[in-house]
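Source file: entry03.cif. Holds: mmCIF, C-alpha atoms.
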```
data_upload
loop_
_atom_site.label_atom_id
_atom_site.label_comp_id
_atom_site.auth_asym_id
_atom_site.auth_seq_id
_atom_site.Cartn_x
_atom_site.Cartn_y
_atom_site.Cartn_z
CA MET V 1344 0.00 0.00 0.00
CA GLN V 1345 1.36 3.43 -0.94
CA PRO V 1346 2.18 5.67 2.06
CA TYR V 1347 1.16 8.75 0.09
CA SER V 1348 -1.78 8.51 -2.28
CA PRO V 1349 -1.98 10.65 -5.46
CA PHE V 1350 -4.88 12.58 -3.93
CA PHE V 1351 -2.79 13.45 -0.86
CA TYR V 1352 0.14 14.40 -3.10
CA HIS V 1353 -1.92 16.81 -5.21
CA PHE V 1354 -3.49 18.23 -2.04
CA CYS V 1355 -0.03 18.98 -0.64
CA ILE V 1356 1.10 20.63 -3.87
CA SER V 1357 -2.04 22.77 -3.94
CA LEU V 1358 -1.49 23.69 -0.29
CA GLN V 1359 2.11 24.61 -1.09
CA ILE V 1360 1.08 26.84 -3.96
CA VAL V 1361 -1.79 28.49 -2.09
CA GLY V 1362 0.29 28.85 1.06
CA GLY V 1363 3.18 30.39 -0.85
CA ARG V 1364 0.93 32.86 -2.60
CA THR V 1365 -0.82 33.76 0.69
CA MET V 1366 2.50 34.22 2.43
CA ASN V 1367 3.85 36.41 -0.34
CA ASN V 1368 0.73 38.56 -0.45
CA THR V 1369 0.58 38.88 3.33
CA MET V 1370 4.25 39.78 3.64
CA SER V 1371 4.07 42.29 0.84
CA GLU V 1372 0.90 44.03 2.08
CA HIS V 1373 0.94 43.84 5.88
CA GLY V 1374 4.24 42.19 6.88
CA VAL V 1375 4.60 39.31 9.30
CA SER V 1376 6.86 38.36 12.10
CA ALA V 1377 10.04 36.33 11.72
CA ALA V 1378 8.38 33.35 13.45
CA ALA V 1379 5.58 33.27 10.86
CA THR V 1380 8.14 33.44 8.04
CA GLN V 1381 10.06 30.49 9.48
CA PHE V 1382 6.81 28.54 9.85
CA PHE V 1383 5.91 28.95 6.18
CA ALA V 1384 9.46 28.07 5.14
CA LYS V 1385 9.32 24.89 7.24
CA CYS V 1386 5.98 23.92 5.70
CA ASP V 1387 7.45 24.45 2.26
CA SER V 1388 10.43 22.22 3.13
CA ILE V 1389 8.15 19.47 4.44
CA LEU V 1390 6.05 19.56 1.26
CA CYS V 1391 9.18 19.36 -0.92
CA LYS V 1392 10.34 16.26 0.98
CA LEU V 1393 6.93 14.66 0.55
CA HIS V 1394 7.08 15.39 -3.18
CA HIS V 1395 10.56 13.80 -3.44
CA LYS V 1396 9.48 10.67 -1.53
CA TYR V 1397 6.39 10.32 -3.68
CA CYS V 1398 8.42 10.49 -6.92
CA LYS V 1399 10.89 7.84 -5.68
CA ARG V 1400 8.01 5.63 -4.60
CA ARG V 1401 6.38 5.85 -8.04
CA GLN V 1402 9.65 5.02 -9.78
CA ARG V 1403 10.20 1.96 -7.57
CA LEU V 1404 6.64 0.78 -8.15
CA SER V 1405 7.02 1.13 -11.92
CA GLU V 1406 10.21 -0.95 -11.85
CA GLU V 1407 8.52 -3.59 -9.72
CA SER V 1408 5.57 -3.63 -12.15
CA LEU V 1409 7.87 -4.24 -15.11
CA LEU V 1410 9.61 -7.10 -13.30
CA THR V 1411 6.27 -8.59 -12.31
CA LEU V 1412 5.01 -8.30 -15.89
CA LYS V 1413 8.16 -9.94 -17.25
CA PHE V 1414 7.98 -12.76 -14.70
CA THR V 1415 4.31 -13.30 -15.50
CA SER V 1416 5.10 -13.43 -19.22
CA MET V 1417 7.87 -15.97 -18.62
CA GLU V 1418 5.56 -18.12 -16.53
CA LYS V 1419 2.93 -17.86 -19.22
CA CYS V 1420 5.47 -19.01 -21.83
CA LYS V 1421 6.48 -21.96 -19.65
CA ASN V 1422 2.89 -22.97 -19.04
CA THR V 1423 2.02 -22.57 -22.71
CA THR V 1424 4.90 -24.67 -23.99
CA ALA V 1425 4.36 -27.37 -21.41
CA GLY V 1426 2.31 -29.37 -23.89
CA THR V 1427 -0.95 -27.48 -24.29
CA SER V 1428 -2.13 -25.58 -27.29
CA GLN V 1429 -1.21 -21.92 -27.54
CA CYS V 1430 -4.58 -21.16 -29.10
CA SER V 1431 -6.70 -22.17 -26.12
CA SER V 1432 -7.05 -18.50 -25.18
CA SER V 1433 -7.78 -15.42 -27.25
CA ALA V 1434 -4.32 -13.94 -26.66
CA THR V 1435 -1.46 -15.98 -28.11
CA PRO V 1436 1.88 -15.22 -26.39
CA MET V 1437 3.92 -14.43 -29.51
CA GLU V 1438 6.43 -12.69 -27.23
CA CYS V 1439 7.59 -16.15 -26.13
CA TYR V 1440 9.30 -16.54 -29.52
CA MET V 1441 11.00 -13.12 -29.41
CA VAL V 1442 14.09 -14.22 -27.49
CA LEU V 1443 16.83 -12.08 -29.03
CA ASP V 1444 18.48 -9.35 -26.97
CA ASN V 1445 19.63 -6.02 -28.42
CA SER V 1446 23.10 -7.20 -29.46
CA ALA V 1447 21.74 -10.37 -31.08
CA GLN V 1448 19.11 -8.33 -32.92
CA THR V 1449 21.81 -6.07 -34.32
CA VAL V 1450 23.90 -9.00 -35.53
CA ILE V 1451 20.87 -10.72 -37.08
CA ALA V 1452 19.77 -7.53 -38.84
CA VAL V 1453 23.22 -6.85 -40.31
CA LEU V 1454 23.65 -10.48 -41.37
CA CYS V 1455 20.21 -10.78 -42.96
CA TYR V 1456 20.33 -7.48 -44.82
CA SER V 1457 23.89 -7.95 -46.13
CA VAL V 1458 23.61 -11.64 -47.09
CA GLY V 1459 20.04 -11.23 -48.36
CA SER V 1460 20.88 -8.26 -50.58
CA PHE V 1461 23.92 -9.98 -52.07
CA CYS V 1462 21.89 -13.17 -52.58
CA ILE V 1463 19.15 -11.31 -54.45
CA LEU V 1464 21.67 -9.57 -56.72
CA GLU V 1465 23.51 -12.83 -57.46
CA ASN V 1466 20.44 -14.86 -58.31
CA CYS V 1467 18.82 -12.09 -60.34
CA LEU V 1468 22.04 -11.87 -62.35
CA VAL V 1469 21.94 -15.64 -62.96
CA LEU V 1470 18.31 -15.45 -64.11
CA TYR V 1471 19.13 -12.59 -66.45
CA LEU V 1472 22.14 -14.38 -67.92
CA ILE V 1473 20.13 -17.54 -68.58
CA PHE V 1474 17.01 -16.02 -70.11
CA SER V 1475 18.88 -13.37 -72.11
CA SER V 1476 20.80 -16.07 -73.98
CA PRO V 1477 18.72 -17.99 -76.56
CA LYS V 1478 21.43 -20.65 -76.71
CA ILE V 1479 21.18 -21.87 -73.12
CA ARG V 1480 17.73 -20.90 -71.81
CA ASN V 1481 16.08 -24.00 -73.32
CA LYS V 1482 18.65 -26.51 -72.05
CA PRO V 1483 17.35 -28.74 -69.24
CA SER V 1484 20.40 -28.17 -67.03
CA TYR V 1485 19.94 -24.41 -67.12
CA LEU V 1486 16.20 -24.70 -66.53
CA PHE V 1487 17.05 -26.45 -63.26
CA ILE V 1488 19.61 -23.73 -62.43
CA SER V 1489 17.01 -21.02 -63.16
CA SER V 1490 14.54 -22.77 -60.83
CA LEU V 1491 17.20 -22.82 -58.13
CA ALA V 1492 17.97 -19.12 -58.66
CA LEU V 1493 14.26 -18.22 -58.54
CA ALA V 1494 13.75 -20.18 -55.32
CA ASP V 1495 16.80 -18.59 -53.69
CA THR V 1496 15.64 -15.11 -54.74
CA LEU V 1497 12.19 -15.64 -53.21
CA ALA V 1498 13.75 -17.17 -50.10
CA SER V 1499 15.97 -14.13 -49.61
CA MET V 1500 13.13 -11.65 -50.01
CA ILE V 1501 10.47 -13.40 -47.93
CA PHE V 1502 12.79 -14.74 -45.23
CA VAL V 1503 14.64 -11.47 -44.61
CA CYS V 1504 11.47 -9.37 -44.43
CA SER V 1505 9.49 -11.71 -42.17
CA PHE V 1506 12.42 -12.83 -40.02
CA VAL V 1507 13.76 -9.32 -39.34
CA ASN V 1508 10.31 -7.86 -38.70
CA PHE V 1509 9.52 -10.56 -36.14
CA HIS V 1510 12.84 -11.09 -34.33
CA VAL V 1511 14.46 -7.65 -34.68
CA PHE V 1512 11.57 -5.16 -34.75
CA ASN V 1513 9.25 -7.47 -32.73
CA LYS V 1514 6.30 -6.78 -35.00
CA ILE V 1515 3.33 -9.11 -34.57
CA ASP V 1516 0.99 -9.78 -37.49
CA SER V 1517 -2.62 -8.77 -37.17
CA SER V 1518 -3.89 -12.34 -37.57
CA LYS V 1519 -2.77 -15.95 -37.46
CA ASP V 1520 -3.49 -16.42 -41.18
CA ILE V 1521 -1.09 -13.65 -42.21
CA PHE V 1522 1.70 -15.19 -40.16
CA LEU V 1523 1.06 -18.66 -41.61
CA LEU V 1524 0.96 -17.17 -45.11
CA LYS V 1525 4.44 -15.70 -44.61
CA LEU V 1526 5.69 -18.93 -43.09
CA GLY V 1527 4.30 -20.86 -46.06
CA GLY V 1528 6.19 -18.56 -48.42
CA VAL V 1529 9.45 -19.16 -46.56
CA ASN V 1530 8.89 -22.94 -46.51
CA THR V 1531 8.01 -22.96 -50.21
CA SER V 1532 11.11 -21.07 -51.29
CA PHE V 1533 13.62 -22.99 -49.16
CA THR V 1534 12.07 -26.39 -49.95
CA ALA V 1535 11.91 -25.52 -53.67
CA SER V 1536 15.60 -24.63 -53.48
CA LEU V 1537 16.37 -28.11 -52.14
CA GLY V 1538 14.04 -29.68 -54.70
CA SER V 1539 15.84 -27.86 -57.52
CA LEU V 1540 19.15 -29.10 -56.14
CA LEU V 1541 17.73 -32.62 -56.22
CA LEU V 1542 16.70 -32.30 -59.88
CA MET V 1543 20.15 -30.91 -60.72
CA ALA V 1544 21.75 -33.82 -58.88
CA PHE V 1545 19.78 -36.37 -60.92
CA ASP V 1546 20.51 -34.40 -64.08
CA ARG V 1547 24.24 -34.75 -63.46
CA TYR V 1548 23.76 -38.33 -62.31
CA ILE V 1549 22.25 -39.29 -65.68
CA CYS V 1550 24.80 -37.12 -67.51
CA ILE V 1551 27.78 -38.95 -65.99
CA LEU V 1552 26.47 -42.50 -65.56
CA ARG V 1553 24.42 -42.74 -68.79
CA PRO V 1554 25.92 -40.13 -71.13
CA THR V 1555 24.79 -41.81 -74.38
CA GLU V 1556 21.13 -41.74 -73.30
CA TYR V 1557 21.19 -38.31 -71.69
CA LYS V 1558 19.62 -36.32 -74.52
CA VAL V 1559 16.87 -38.90 -74.91
CA LEU V 1560 16.05 -39.15 -71.20
CA VAL V 1561 16.43 -35.48 -70.24
CA THR V 1562 14.57 -33.14 -72.57
CA SER V 1563 13.41 -29.56 -72.13
CA ARG V 1564 9.76 -30.61 -72.02
CA ARG V 1565 10.40 -33.21 -69.32
CA ALA V 1566 12.45 -30.69 -67.36
CA VAL V 1567 9.59 -28.14 -67.42
CA VAL V 1568 7.04 -30.78 -66.37
CA ALA V 1569 9.30 -31.90 -63.51
CA LEU V 1570 9.77 -28.31 -62.31
CA VAL V 1571 6.04 -27.53 -62.44
CA MET V 1572 5.22 -30.69 -60.47
CA LEU V 1573 7.98 -29.88 -57.98
CA TRP V 1574 6.72 -26.35 -57.28
CA VAL V 1575 3.04 -27.38 -57.06
CA ILE V 1576 3.70 -30.24 -54.63
CA ILE V 1577 6.00 -28.14 -52.48
CA MET V 1578 3.50 -25.26 -52.33
CA LEU V 1579 0.73 -27.63 -51.22
CA ILE V 1580 2.94 -29.07 -48.48
CA ALA V 1581 4.23 -25.66 -47.35
CA PHE V 1582 0.75 -24.11 -47.02
CA LEU V 1583 -0.82 -27.02 -45.14
CA PRO V 1584 -0.67 -25.05 -41.83
CA LEU V 1585 -2.63 -22.23 -43.46
CA LEU V 1586 -5.15 -24.74 -44.82
CA GLY V 1587 -5.84 -26.17 -41.36
CA TRP V 1588 -2.94 -28.33 -40.21
CA ASN V 1589 -2.00 -26.06 -37.28
CA CYS V 1590 -2.20 -26.36 -33.53
CA CYS V 1591 -4.99 -23.77 -33.33
CA HIS V 1592 -7.35 -25.75 -35.53
CA LEU V 1593 -6.41 -29.15 -34.10
CA SER V 1594 -5.99 -28.03 -30.45
CA SER V 1595 -2.68 -29.90 -30.36
CA PRO V 1596 0.76 -29.02 -28.92
CA CYS V 1597 2.48 -26.22 -30.81
CA SER V 1598 6.10 -26.08 -31.82
CA GLU V 1599 8.47 -24.15 -29.55
CA LEU V 1600 10.29 -22.73 -32.59
CA PHE V 1601 7.42 -21.69 -34.87
CA PRO V 1602 4.16 -20.09 -33.66
CA PHE V 1603 0.92 -21.91 -34.60
CA VAL V 1604 2.84 -24.82 -36.17
CA ASP V 1605 1.82 -28.30 -35.07
CA ASN V 1606 4.65 -30.56 -33.93
CA LYS V 1607 3.46 -33.38 -36.19
CA TYR V 1608 3.58 -31.11 -39.21
CA LEU V 1609 7.07 -29.97 -38.24
CA SER V 1610 8.15 -33.62 -37.96
CA SER V 1611 6.72 -34.37 -41.40
CA TRP V 1612 8.50 -31.38 -42.95
CA ILE V 1613 11.80 -32.45 -41.36
CA VAL V 1614 11.35 -35.93 -42.84
CA LEU V 1615 10.70 -34.40 -46.27
CA VAL V 1616 13.83 -32.23 -46.12
CA ALA V 1617 15.90 -35.17 -44.85
CA ILE V 1618 14.71 -37.30 -47.79
CA LEU V 1619 15.63 -34.55 -50.26
CA LEU V 1620 19.08 -34.18 -48.72
CA ALA V 1621 19.61 -37.96 -48.68
CA PHE V 1622 18.77 -38.29 -52.39
CA ILE V 1623 21.04 -35.34 -53.23
CA VAL V 1624 23.93 -36.90 -51.35
CA TYR V 1625 23.22 -40.31 -52.94
CA ALA V 1626 23.24 -38.90 -56.47
CA TYR V 1627 26.41 -36.88 -55.97
CA MET V 1628 28.23 -39.74 -54.26
CA ASN V 1629 27.49 -41.94 -57.26
CA VAL V 1630 28.79 -39.24 -59.57
CA LEU V 1631 31.95 -38.94 -57.44
CA TRP V 1632 32.39 -42.72 -57.51
CA LYS V 1633 32.03 -42.76 -61.30
CA ALA V 1634 34.53 -39.91 -61.71
CA ARG V 1635 37.03 -41.56 -59.39
CA LYS V 1636 36.64 -44.88 -61.19
CA HIS V 1637 37.31 -43.23 -64.54
CA VAL V 1638 40.46 -41.47 -63.26
CA VAL V 1639 41.81 -44.74 -61.85
CA TYR V 1640 41.13 -46.47 -65.18
CA MET V 1641 43.04 -43.78 -67.06
CA GLU V 1642 46.01 -44.00 -64.70
CA LYS V 1643 46.05 -47.82 -64.78
CA TYR V 1644 46.27 -48.13 -68.53
CA HIS V 1645 48.43 -45.00 -68.97
CA ILE V 1646 46.17 -43.42 -71.54
CA GLN V 1647 47.79 -40.09 -72.44
CA THR V 1648 45.94 -38.84 -75.49
CA GLY V 1649 44.79 -35.25 -75.45
CA GLN V 1650 41.11 -36.16 -75.52
CA GLN V 1651 41.46 -38.50 -72.55
CA ASN V 1652 43.48 -35.93 -70.58
CA THR V 1653 40.66 -33.48 -71.13
CA LYS V 1654 38.21 -36.07 -69.83
CA VAL V 1655 40.34 -36.61 -66.72
CA ARG V 1656 40.40 -32.87 -66.07
CA LEU V 1657 36.63 -32.79 -66.46
CA ASP V 1658 36.23 -35.55 -63.89
CA VAL V 1659 38.61 -33.92 -61.42
CA THR V 1660 36.90 -30.54 -61.80
CA LEU V 1661 33.50 -32.16 -61.36
CA ALA V 1662 34.69 -34.04 -58.27
CA LYS V 1663 35.96 -30.82 -56.68
CA THR V 1664 32.67 -29.09 -57.45
CA LEU V 1665 30.62 -31.88 -55.93
CA VAL V 1666 32.73 -31.96 -52.76
CA ILE V 1667 32.10 -28.24 -52.33
CA VAL V 1668 28.39 -28.84 -52.95
CA LEU V 1669 28.08 -31.53 -50.29
CA VAL V 1670 30.14 -29.68 -47.68
CA VAL V 1671 28.18 -26.44 -48.08
CA LEU V 1672 24.84 -28.24 -48.13
CA VAL V 1673 25.51 -30.21 -44.95
CA MET V 1674 27.05 -27.25 -43.07
CA CYS V 1675 24.17 -24.91 -43.87
CA TRP V 1676 21.21 -27.23 -43.24
CA SER V 1677 22.28 -29.69 -40.54
CA PRO V 1678 22.39 -27.22 -37.55
CA ALA V 1679 18.84 -25.95 -38.14
CA LEU V 1680 17.46 -29.44 -38.76
CA ALA V 1681 19.19 -30.80 -35.64
CA LEU V 1682 17.61 -28.10 -33.46
CA MET V 1683 14.19 -28.72 -35.04
CA ILE V 1684 14.44 -32.40 -34.21
CA TYR V 1685 15.61 -31.58 -30.68
CA SER V 1686 12.65 -29.22 -30.16
CA ILE V 1687 10.20 -32.05 -30.83
CA PHE V 1688 11.54 -34.25 -28.02
CA ALA V 1689 12.72 -31.71 -25.43
CA GLU V 1690 11.73 -28.39 -23.90
CA LEU V 1691 13.80 -25.48 -25.14
CA ASP V 1692 15.17 -22.55 -23.20
CA ASP V 1693 15.85 -19.08 -24.63
CA SER V 1694 19.51 -19.83 -25.37
CA VAL V 1695 18.58 -22.73 -27.67
CA LYS V 1696 15.97 -20.57 -29.40
CA GLN V 1697 18.58 -17.87 -29.95
CA ALA V 1698 20.94 -20.47 -31.41
CA PHE V 1699 18.18 -21.61 -33.78
CA ALA V 1700 17.64 -18.03 -34.96
CA PHE V 1701 21.30 -17.81 -35.98
CA CYS V 1702 21.27 -21.31 -37.51
CA SER V 1703 18.28 -20.32 -39.64
CA THR V 1704 20.36 -17.64 -41.31
CA LEU V 1705 22.75 -20.37 -42.52
CA CYS V 1706 20.02 -21.49 -44.92
CA LEU V 1707 20.12 -17.95 -46.32
CA VAL V 1708 23.90 -18.27 -46.66
CA ASN V 1709 23.35 -21.46 -48.66
CA SER V 1710 21.11 -19.53 -51.05
CA MET V 1711 23.89 -16.97 -51.45
CA VAL V 1712 26.55 -19.61 -52.18
CA ASN V 1713 24.43 -21.61 -54.65
CA PRO V 1714 24.97 -19.29 -57.65
CA ALA V 1715 28.74 -19.36 -57.20
CA ILE V 1716 28.75 -23.18 -57.05
CA TYR V 1717 26.24 -24.11 -59.72
CA ALA V 1718 25.84 -21.20 -62.13
CA LEU V 1719 29.02 -19.12 -62.26
CA ARG V 1720 31.19 -22.25 -62.62
CA SER V 1721 29.58 -22.85 -66.02
CA ARG V 1722 31.65 -21.78 -69.02
CA GLU V 1723 28.53 -20.81 -70.99
CA LEU V 1724 27.27 -18.56 -68.20
CA CYS V 1725 30.75 -17.06 -67.88
CA SER V 1726 30.68 -16.30 -71.61
CA SER V 1727 27.24 -14.74 -71.23
CA LEU V 1728 28.51 -12.68 -68.29
CA LYS V 1729 31.48 -11.52 -70.39
CA ARG V 1730 29.08 -10.49 -73.17
CA VAL V 1731 27.01 -8.43 -70.70
CA CYS V 1732 30.15 -6.84 -69.26
CA SER V 1733 31.33 -6.00 -72.78
CA CYS V 1734 28.02 -4.28 -73.51
CA PHE V 1735 28.33 -2.20 -70.35
CA GLY V 1736 31.98 -1.55 -71.21
CA ARG V 1737 31.04 -0.15 -74.60
CA LEU V 1738 28.42 2.06 -72.99
CA LEU V 1739 31.02 3.34 -70.53
CA GLY V 1740 33.66 3.74 -73.23
CA VAL V 1741 35.90 0.92 -71.94
CA SER V 1742 37.87 -1.07 -74.49
CA GLU V 1743 36.92 -4.72 -74.99
CA SER V 1744 40.56 -5.74 -74.81
CA ASN V 1745 40.69 -4.99 -71.11
CA PRO V 1746 43.17 -7.43 -69.53
CA GLU V 1747 40.88 -7.86 -66.49
CA VAL V 1748 38.04 -9.04 -68.70
CA GLU V 1749 40.34 -11.45 -70.53
CA SER V 1750 41.62 -12.88 -67.25
CA THR V 1751 38.04 -13.35 -66.09
CA GLN V 1752 37.26 -15.25 -69.26
CA LYS V 1753 40.31 -17.48 -68.87
CA SER V 1754 39.47 -18.17 -65.21
CA CYS V 1755 36.07 -19.64 -66.09
CA PRO V 1756 36.12 -23.34 -65.23
CA ILE V 1757 35.74 -26.17 -67.69
CA GLU V 1758 32.17 -26.94 -68.65
CA THR V 1759 30.81 -29.83 -66.64
CA ILE V 1760 27.18 -29.82 -67.72
CA CYS V 1761 26.00 -32.18 -70.42
CA ASP V 1762 24.81 -30.47 -73.59
#
```
Whole structure, structure tokens version:
Amino acid sequence: MQPYSPFFYHFCISLQIVGGRTMNNTMSEHGVSAAATQFFAKCDSILCKLHHKYCKRRQRLSEESLLTLKFTSMEKCKNTTAGTSQCSSSATPMECYMVLDNSAQTVIAVLCYSVGSFCILENCLVLYLIFSSPKIRNKPSYLFISSLALADTLASMIFVCSFVNFHVFNKIDSSKDIFLLKLGGVNTSFTASLGSLLLMAFDRYICILRPTEYKVLVTSRRAVVALVMLWVIIMLIAFLPLLGWNCCHLSSPCSELFPFVDNKYLSSWIVLVAILLAFIVYAYMNVLWKARKHVVYMEKYHIQTGQQNTKVRLDVTLAKTLVIVLVVLVMCWSPALALMIYSIFAELDDSVKQAFAFCSTLCLVNSMVNPAIYALRSRELCSSLKRVCSCFGRLLGVSESNPEVESTQKSCPIETICD
């Protein structure tokens, strides 16, 4: 209970003002004794002390209220994530998922904006180079690369906007459906990126293991049909929470990492991503085995013709590329998937949730690295990039015989995609 109520405080202030004015008027008109002057001064001092104590009391009560509110929110988060649905009440504690402090928010914002911007520029450049060249835009391999670039571009845009708004600016959407719509967009883009990587892996698998049948098996029409089916299936799976598979509609336990997401749906999505990654690794390991087997055969029989040496260099270059692919893929996706799996079987504290927020940005890093691994290592795309740079050079008045441009052309790797 407060020792001094607001009513008593305002009464004292009014008394101080009225008393001061009365004293001033009385002293100026009639004059008073020294004892009366000291009495009014003492009253004024007492009222000032009361005012000071009241202000300190209000400040302490406001601090205690904030601590009580924070403790209540933490208890609410614990009770909510203890296995009951978050949608049982009208107010969903979205604040339970906002676990980043100020320094972590700054790091996340800088990382997302820098990596996301560079990723968008890279993948837009790849799309432009592919579709501006009539020679390569109809090839199945480059259709798969364009699908990968499109998925990575959408992932960068949607993920950065939604992730930064939620975790950095702590903005809460006006409804559950809007949040699930954004989450479905993020899931679609990242899963489509992995699906495009899978189609590219099988494309190279057929190219290396069955080269004579490649042009018959892999056509532009079949590539377009495969990409359309991939995007449609992935969109249906990604938007299942919006269509009703969420913990609000089913009154089931919600995920501790994603608001409104049912744990069973999260488990199913993890299984889907794990299957995609397993098939990608399987296809590339077979390609690596085939390349290694060919190099050993060449060394065993000491075949030294120029054509065979070129083939050996192709296999070695391809092997190096695929090792980079597998290392980057595993490093970027395994931390986030491991924490998702852990969240299904155990209760998470704020430190684990913060770690997951940083691990999620690694998927964005993968989207940034993909163009450098898959697209810009292609000799045809390098030639297309040189053509675009030459056009800009002519506009800027730069000579085409620039040694830097020539060195860039020579540094383009050997073509490893079947034509």
For this session: Given the file shown, enumerate the residues that the PyMOL selection byres ((chain V and resi 1513) around 10) captures and present them as a list in words.
Result: Met1437, Glu1438, Tyr1440, Met1441, Val1442, Leu1443, Gln1448, Phe1506, Val1507, Asn1508, Phe1509, His1510, Val1511, Phe1512, Lys1514, Ile1515 and Asp1516 of chain V
For this session: Work out how far apart atom CA of Leu1672 of chain V and atom CA of Leu1600 of chain V are and give it in Å to one decimal.
Result: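 Those two atoms sit 22.0 Å apart.
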Expansion of the PyMOL selection byres ((chain V and resi 1480-1490) around 8) into residues, as a short mmCIF file (atom, residue, chain, number, x, y, z; two decimals) with C-alpha atoms, in the coordinates of the input:
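The resulting file, expr-v4.cif, is reproduced below:
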```cif
data_model
loop_
_atom_site.label_atom_id
_atom_site.label_comp_id
_atom_site.auth_asym_id
_atom_site.auth_seq_id
_atom_site.Cartn_x
_atom_site.Cartn_y
_atom_site.Cartn_z
CA VAL V 1469 21.94 -15.64 -62.96
CA LEU V 1470 18.31 -15.45 -64.11
CA ILE V 1473 20.13 -17.54 -68.58
CA PHE V 1474 17.01 -16.02 -70.11
CA SER V 1475 18.88 -13.37 -72.11
CA SER V 1476 20.80 -16.07 -73.98
CA PRO V 1477 18.72 -17.99 -76.56
CA LYS V 1478 21.43 -20.65 -76.71
CA ILE V 1479 21.18 -21.87 -73.12
CA LEU V 1491 17.20 -22.82 -58.13
CA ALA V 1492 17.97 -19.12 -58.66
CA LEU V 1493 14.26 -18.22 -58.54
CA ALA V 1494 13.75 -20.18 -55.32
CA SER V 1536 15.60 -24.63 -53.48
CA SER V 1539 15.84 -27.86 -57.52
CA LEU V 1540 19.15 -29.10 -56.14
CA LEU V 1542 16.70 -32.30 -59.88
CA MET V 1543 20.15 -30.91 -60.72
CA ASP V 1546 20.51 -34.40 -64.08
CA VAL V 1561 16.43 -35.48 -70.24
CA THR V 1562 14.57 -33.14 -72.57
CA SER V 1563 13.41 -29.56 -72.13
CA ALA V 1566 12.45 -30.69 -67.36
CA VAL V 1567 9.59 -28.14 -67.42
CA LEU V 1570 9.77 -28.31 -62.31
CA TYR V 1717 26.24 -24.11 -59.72
CA ALA V 1718 25.84 -21.20 -62.13
CA ILE V 1760 27.18 -29.82 -67.72
CA CYS V 1761 26.00 -32.18 -70.42
CA ASP V 1762 24.81 -30.47 -73.59
#
```
Exercise. By how many Å are atom CA of Asn1629 of chain V and atom CA of Tyr1548 of chain V apart?
Worked result: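 Atom-to-atom, atom CA of Asn1629 of chain V to atom CA of Tyr1548 of chain V, that is 7.2 Å.
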Problem set entry | Between atom CA of Pro1554 of chain V and atom CA of Trp1574 of chain V - distance in Å to one decimal |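 Distance between the two atoms: 27.4 Å.
Among the candidates V:Lys1636, V:Arg1737, V:Arg1547, V:Lys1525, the one nearest to Ala1581 of chain V when counting all atoms listed in the file is V:Lys1525.
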